[in-house]
Structure formats: C-alpha cells, structure tokens
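Worksheet: one structure, shown below.
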Amino acid sequence: MTDSDHQSHLPVEQIELHRSLSSVRSLFNIGMTALVAVFTLVALLPLAAVIYDVASEGIQHLNLNTFTQLPPPPGLTEGGFGHALIGTLITLGIATAISAPFGILAAIYLTEFGRGSHIGYWVRFAANVLSGVPAILCGLFAYAVVVLTTGGFSAFAGGVALSVLMLPIVLRTTEEGLLLVPQEVRQASLGLGATNFQTIFRIVLPAVLPSIATAVTLSVARAAGEAAPLLFTALNNNFWSTDPTQPIATMSVLIYFFAIIPYKAQQELAWTAALVLLGLILIVSISSRLLTRRKVY
Amino acid sequence: MSLRTGEPLENEPFSIEKRLSVTGVIDQAFFGLTLVLAVGIGLVLTWIAVQIGIIAFPAIQQYGVGFLFGTTWDPVRHIYGALPQIYGTLVTSAIALLISVPMGVGIAIFLSENFLPNSIRTPIAFATELLAAVPSVVYGLWGIFVLIPFLRPFFEFLHNNFGWIPLFATPPRGNSFLTLGIVLAIMIIPTIIAISRGTLLSLPPELRQGSLALGATRWETILRVLLPAGFSGIVGSIMLALGRAMGETMAAAMLVGNSNRITASILEPGATIASLIASQFGEAGREQVAALMYSGLVLMILTLLVNIAAELIIKRFQNVE
C-alpha cells in the first residue's frame with residue numbers, strides 16, 4: 001500500500017480497488033484456502049474408509065444365522081452373535097432405565113427451578129466434566145460399586161457403568177430442548193393457577209417430547225458402541241443369557257475379543273458385528289438429527 | 001377455595017396462597033426430587049473419584065509417589081510402577097494433538113467462513129460429527145486389519161530416510177505409538193471442529209466486516225482478527241480433545257501393543273494407562289487390582305485437570321462474549 005501523497009500523483013485509472021491475483025497477499029490467501037479445503041477432504045477420508053471397509057468386510061458373512069446362532073468354537077466356521085445382540089439390548093435397557101429419568105429430571109431442575117442459581121451453575125459444570133471422564137473409569141466405578149458389593153459380574157453392573165456415561169448426554173440434550181420453550185408459556189400456565197408440577201407435566205414436557213426422545217436415542221447410540229465400561233462389569237458370556245444378575249455378552253466386547261484372537265472365523269464375525277453395530281448407530285444418529293431440526297415454538 | 005356465605009370473612013382470611021394440600025405436597029416433592037437428582041450429578045462425579053481412590057488405597061499406601069516413577073510392572077513379585085504407561089499416554093496424546101489441532105482448526109475455519117454455500121457446508125459439518133459416532137472398538141478393528149497394513153510403507157519410509165532422528169530410530173512394527181496417535185487424531189478431530197466452529201460462528205460479524213473494510217484479505221482477517229478473538233474457545237476445544245485422547249481405551253488396547261517400556265522411537269509399541277487397565281484387569285488378583293485402580297486414579301486426575309481447565313476456558317470465552 002502506498003502513502004496518500006504518493007497516490008495523489010497517480011492517474012485516476014491506476015487507483016484500483018482490486019488486488020492483483022499474483023501479489024504475495026493474494027497468493028497466501030489462495031494457498032491457505034486450498035490448504036484447509038485439503039484438510040477437510042483428508043479428515044473425511046477415514047470416515048469414508050471405515051464405513052466402506054466395515055461394509056465390504058462385514059456384508060460377506062451377514063445372514064440369518066448371524067442373528068440366531070452362537071459363535072463357533074475356535075477353529076470351526078459358521079455361527080453368529082445372537083447372544084451378544086440380546087446382551088447389548090439388555091445392558092442398554094438397564095442403562096436407559098437409570099440414566100433417562102435421572103437426566104431428564106435433573107434437566108427439569110436446571111431450566112424450571114434453578115435458572116441462574118449457583119446450584120444450576122455447578123450442576124452444569126459437573127455434567128460437562130462428567131462427560132469428559134474416560135469410559136474405562138466408568139467401568140472401574142461400576143466394578144467397585146456393583147461388582148464388588150454383589151460379588152459377581154453382571155449385566156446390571158454393565159448397565160450402571162453405561163448409565164454414568166449416558167447421564168451427561170441426556171441432561172444436556174434435554175436441557176437444550178427445555179430452554180427453547182418460551183417463558184411466556186410457563187407464565188401463562190402459572191397465571192391460570194396451575195402449580196409448577198402441573199405446568200411442567202401438562203405444558204412444558206409435551207412441548208419438548210421430541211427433544212427428550214433425541215436425548216435418549218443419542219445417549220443410547222453413544223453407549224451402544226462402548227466396550228471399555230463393560231469389560232469388567234458385564235464381562236462376557238459365550239452362551240445365551242437374559243439374566244441381569246449374570247455376566248452377559250455384548251456386541252462391542254465381542255468385537256474386541258474377536259479382533260485380537262487369531263481365528264479367521266472369529267475375525268469375520270467381528271467385522272459382521274462391527275457392520276451391524278455401526279449401521280445401528282449411524283441410523284440412530286442420522287435419524288435423530290433429521291427428526292429434531294432446531295424448532296422454534 | 002370457596003366462600004361460604006353467612007360467615008364473616010374476617011374469621012377466615014382470604015388467601016391466594018392456599019391450595020389443595022395434596023397438590024402442594026406433590027409440587028414440593030417434585031421440586032425436591034429434581035433438586036436431589038441435579039445435585040446427584042455432581043455427587044456421581046465425586047463418587048467415581050472417591051470409589052476408585054478407596055479400592056486403590058492399599059496400593060497408594062504401599063507404593064506412594066514412587067508408583068509414578070517406577071518402570072516395572074510385575075504382577076508375580078508385586079512390583080508396580082506406571083511410568084511407561086503415563087509416558088505412553090502423554091506421547092500418544094501429543095502425536096494426536098500435533099495432527100488434529102492444525103487440521104481441526106483449519107476445518108473449523110473452512111466450515112465457518114463462507115467458502116462454500118451453506119447447502120454443502122452443513123452436510124460436511126455433519127459428516128465430521130459422524131466421525132465421533134463411530135465406536136472406538138470399530139476404529140480398533142479397522143486399525144488392526146486395514147490401517148496398520150496401509151501405514152506400513154509410510155512407516156518404513158520414515159525409518160529408512162529419517163532413521164537418524166531418535167523418533168524413527170527403530171524398524172517399524174504394526175502396533176506403535178504412532179499408529180495409535182493417528183487413530184486418536186481421527187477420533188478427536190470432531191471435538192476440535194465442533195467447538196472451534198461454534199466459537200468462530202458466534203463471533204460478532206462486525207469484527208470481520210471491520211477488518212475487511214480496512215483492506216485485509218480474508219486470511220489476514222482470519223489469522224489476525226478472528227482466531228485471536230475466538231482463542232479461548234479454540235484452546236478449550238483442544239483441551240477437551242486432549243482429555244478424550246488420554247482416556248481412550250479400546251483403540252489404545254488394540255493398537256498400541258501393550259508392551260511395558262519407554263522408548264524415544266514412536267515406531268515402537270508401548271502402553272497407555274487406559275490400555276494397561278483394559279488388558280490386565282481381567283486376570284488381575286487383589287493386589288494387582290489395587291495397583292490398576294491406582295493407575296486409574298492417576299488417569300482420573302489427569303483427565304479431570306484437563307477437562308476442568310477446558311470448561312473454565314470455554315466459560316471465560318462465553319462471558320467475554
């Protein structure tokens with residue numbers, strides 16, 4: 001850039017408002033844009049690769065037996081992981097039964113009673129920190145609290161471990177939904193003489209049901225893939241089991257164990273299980289995202 | 001509430017407070033319940049730390065601070081030291097950050113500026129979020145059977161041409177610090193993108209307009225105005241990502257090799273705290289469980305510090321805003 005008295009001597013047509021494309025600043029500008037565009041492509045590659053590899057490896061052995069049979073003994077082929085599918089559903093069911101009411105009611109406190117309060121601030125803070133606690137520590141916690149006190153590994157212990165992980169997700173997603181309900185709606189209900197309880201259950205909650213559904217499904221999608229909290233709580237089981245007091249097989253733990261043993265049939269089952277698990281999680285994540293685009297009431 | 005005619009009103013003062021008692025009790029009970037559960041979330045956090053500490057207590061008593069500096073992990077003779085695992089946790093997280101910070105922040109910029117029309121930007125941003133939805137065991141499985149064979153030529157290239165640097169001094173094997181670092185980078189990039197992008201999008205448009213009006217190019221605006229303004233949000237996202245990388249378990253257990261040593265070479269296998277717990281807890285006896293809980297406590301403290309710092313930094317940004 002030239003200083004002003006220098007510029008005043010230039011003929012009018014030479015004072016241009018656009019920069020030359022070959023100037024250093026323009027080149028830097030174009031170069032950086034190209035760089036971040038490349039970054040974006042490179043970051044999306046693993047996603048495409050994981051989905052492609054899991055789909056192509058997993059689909060080869062996907063059939064009805066996969067969902068109805070037990071894994072083969074080492075060295076043999078054929079078989080499935082029906083027991084792990086049921087086990088995943090049971091542990092997730094237990095975890096949801098604990099975390100959903102807990103998280104939803106705590107979120108109601110944050111938006112309906114504790115707005116701007118110190119307690120609300122600290123609860124939000126604790127939930128954010130809790131969501132950063134490594135999954136394996138949730139497993140150690142459930143081991144200490146449930147496995148050691150009841151004297152054995154169980155599907156219930158696995159559910160407790162997963163619920164710790166789901167809690168902050170349920171809380172924050174529900175809270176986001178509740179915050180979208182305008183205060184005027186609550187004031188109108190209270191003004192007509194309803195109690196807080198009536199206002200929340202008859203007016204506020206019906207309006208945020210979609211958000212609550214998203215909160216629960218998102219937390220389930222997150223927990224479904226976790227193996228670390230289940231390793232020393234639900235453990236594993238080579239046979240059919242639906243008993244919440246007994247160890248139970250789950251899809252994620254099955255993938256882990258079958259990926260690290262050197263039997264071809266088991267590794268193939270691990271890929272198939274990965275396909276089923278990834279498919280379920282992606283469907284849930286994408287559909288919950290599409291269903292609850294930001295709504296304004 | 002009904003007014004009975006014939007009785008003088010002053011005997012029964014009219015009160016708008018009065019309600020059917022059952023409704024009032026339900027109301028109070030409901031308030032109490034939500035309050036208890038909300039506070040319960042804070043208690044769960046402390047409970048986790050306390051509970052792990054209790055089980056680890058015998059090991060803390062026996063090994064003390066020396067646990068953090070010991071390099072032997074011998075369940076037979078009951079000698080436990082977690083330095084190699086702490087080292088491995090820090091090295092793999094550092095590799096992951098080195099890769100994911102420039103990429104993540106770059107992508108956050110790309111997806112928050114108007115380089116692309118919104119109809120393309122939103123799906124790309126959503127796809128980066130899906131990276132975080134892939135379970136870590138699936139990354140582990142993919143890492144073992146696809147990524148390790150794919151990376152082998154690159155690692156050999158690094159060793160053959162840069163072998164004089166201690167980082168690449170040993171011939172590459174499948175499982176290594178670098179393999180895990182790369183997978184961790186893939187796993188934490190969505191965290192950096194999501195929060196950095198949110199920060200950049202929330203900056204007041206006047207900043208950008210002012211800078212452009214003064215004649216700055218787009219990238220001068222980004223690097224000198226927008227990034228400094230959103231600095232704390234970006235740093236917060238990096239801290240959160242660091243916390244995730246340090247605590248990641250399944251990918252670590254499957255890809256780092258679980259060998260108990262400290263090497264300068266990142267092409268060597270090693271272990272992280274999380275991978276140690278995952279691979280040894282299953283067949284551990286009483287004393288080893290205590291030692292593993294102790295290492296879990298170390299991990300808990302590390303991640304808590306990082307996460308609390310991240311929260312405070314992000315909060316400060318929101319307040320400034």
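Following the order of the structure tokens, chains are lettered A, B, ..., residues in each are numbered from 1, and ligands are numbered from 1.
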| request: When you get a sec, could you note down which chain A residues fall within 7 Å of chain B, using only C-alpha atoms, as a VMD selection string? | output: chain A and resid 29 36 to 37 39 to 40 44 47 50 102 105 to 106 108 to 109 123 126 to 127 129 to 130 132 to 134 136 to 137 140 to 141 144 195 to 197 222 225 to 228 232 252 255 to 256 259 274 278
| query | Quick one: DSSP helix (DSSP H, G or I) residues in stretch 5-239 of chain B, as an MDAnalysis selection string? | reply | chainID B and resid 9:11 21:68 83:112 118:133 136:162 166:168 177:201 205:213 218:229 231:239
| field | Spatial neighbours of B:Arg197, max dist 7 Å, only C-alpha atoms, sep filter under 2 positions, as a PyMOL selection string | value | chain B and resi 108-109+112+193-195+199-201
Limited to all heavy atoms, could you put the picked residues into a file as a short mmCIF file (atom, residue, chain, number, x, y, z; two decimals), in the first residue's frame?
```cif
data_model
loop_
_atom_site.label_atom_id
_atom_site.label_comp_id
_atom_site.auth_asym_id
_atom_site.auth_seq_id
_atom_site.Cartn_x
_atom_site.Cartn_y
_atom_site.Cartn_z
N ALA B 108 -12.44 -26.18 10.96
CA ALA B 108 -13.43 -25.33 11.63
C ALA B 108 -13.53 -23.99 10.92
O ALA B 108 -14.63 -23.45 10.72
CB ALA B 108 -13.05 -25.14 13.10
N ILE B 109 -12.38 -23.44 10.50
CA ILE B 109 -12.39 -22.18 9.75
C ILE B 109 -13.11 -22.36 8.42
O ILE B 109 -13.99 -21.59 8.04
CB ILE B 109 -10.94 -21.69 9.51
CG1 ILE B 109 -10.29 -21.29 10.82
CG2 ILE B 109 -10.92 -20.54 8.51
CD1 ILE B 109 -8.80 -21.07 10.72
N SER B 112 -16.76 -22.49 8.87
CA SER B 112 -17.48 -21.39 9.49
C SER B 112 -17.46 -20.14 8.60
O SER B 112 -18.32 -19.28 8.70
CB SER B 112 -16.89 -21.05 10.86
OG SER B 112 -15.54 -20.67 10.72
N ILE B 193 -13.27 -29.64 15.85
CA ILE B 193 -14.05 -28.96 14.81
C ILE B 193 -15.34 -28.38 15.42
O ILE B 193 -15.64 -27.20 15.24
CB ILE B 193 -14.41 -29.91 13.66
CG1 ILE B 193 -13.15 -30.39 12.96
CG2 ILE B 193 -15.33 -29.22 12.66
CD1 ILE B 193 -13.41 -31.41 11.86
N ALA B 194 -16.08 -29.22 16.17
CA ALA B 194 -17.41 -28.79 16.62
C ALA B 194 -17.30 -27.54 17.50
O ALA B 194 -18.03 -26.56 17.29
CB ALA B 194 -18.08 -29.92 17.38
N ILE B 195 -16.40 -27.56 18.49
CA ILE B 195 -16.37 -26.44 19.43
C ILE B 195 -15.69 -25.21 18.83
O ILE B 195 -16.14 -24.09 19.01
CB ILE B 195 -15.72 -26.88 20.75
CG1 ILE B 195 -16.60 -27.98 21.35
CG2 ILE B 195 -15.58 -25.73 21.73
CD1 ILE B 195 -16.02 -28.65 22.54
N THR B 199 -17.44 -21.58 18.21
CA THR B 199 -16.83 -20.33 18.67
C THR B 199 -16.72 -19.32 17.54
O THR B 199 -17.11 -18.16 17.68
CB THR B 199 -15.41 -20.63 19.21
OG1 THR B 199 -15.52 -21.60 20.23
CG2 THR B 199 -14.78 -19.38 19.77
N LEU B 200 -16.19 -19.78 16.39
CA LEU B 200 -15.98 -18.85 15.27
C LEU B 200 -17.31 -18.31 14.75
O LEU B 200 -17.42 -17.14 14.39
CB LEU B 200 -15.21 -19.55 14.14
CG LEU B 200 -13.75 -19.88 14.47
CD1 LEU B 200 -13.14 -20.74 13.38
CD2 LEU B 200 -12.95 -18.61 14.66
N LEU B 201 -18.34 -19.18 14.73
CA LEU B 201 -19.64 -18.73 14.24
C LEU B 201 -20.27 -17.71 15.18
O LEU B 201 -21.07 -16.87 14.75
CB LEU B 201 -20.59 -19.93 14.08
CG LEU B 201 -20.35 -20.84 12.88
CD1 LEU B 201 -21.28 -22.04 12.93
CD2 LEU B 201 -20.53 -20.08 11.57
#
```
| field | Near-A:Val181 list (12 Å; only C-alpha atoms; drop same-chain fewer than 5 positions) as a VMD selection string | value | chain A and resid 108 111 to 112 174 to 176 186 to 187 200 203 to 209 211 294 to 297
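Relative to atom CA of B:Leu223, atom CA of B:Ser211 is found at 11.0 Å.
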| request: Enter the distance from atom CA of A:Glu78 to atom CA of A:Met251, in Å, rounded to one decimal. | output: 17.3 Å
| task | Record the distance separating atom CA of A:Thr245 and atom CA of A:Ala224, expressed in Å with one decimal. | result | 19.7 Å
| request: Give the strand (DSSP E) residues of stretch 32-198 of chain B, as DSSP finds them on the backbone, and put them as a count of residues only. | output: 4
| query | Pick from B:Ile120, B:Leu68, B:Ile266, B:Ile148: nearest to B:Leu167, with only C-alpha atoms counted? | reply | B:Ile266
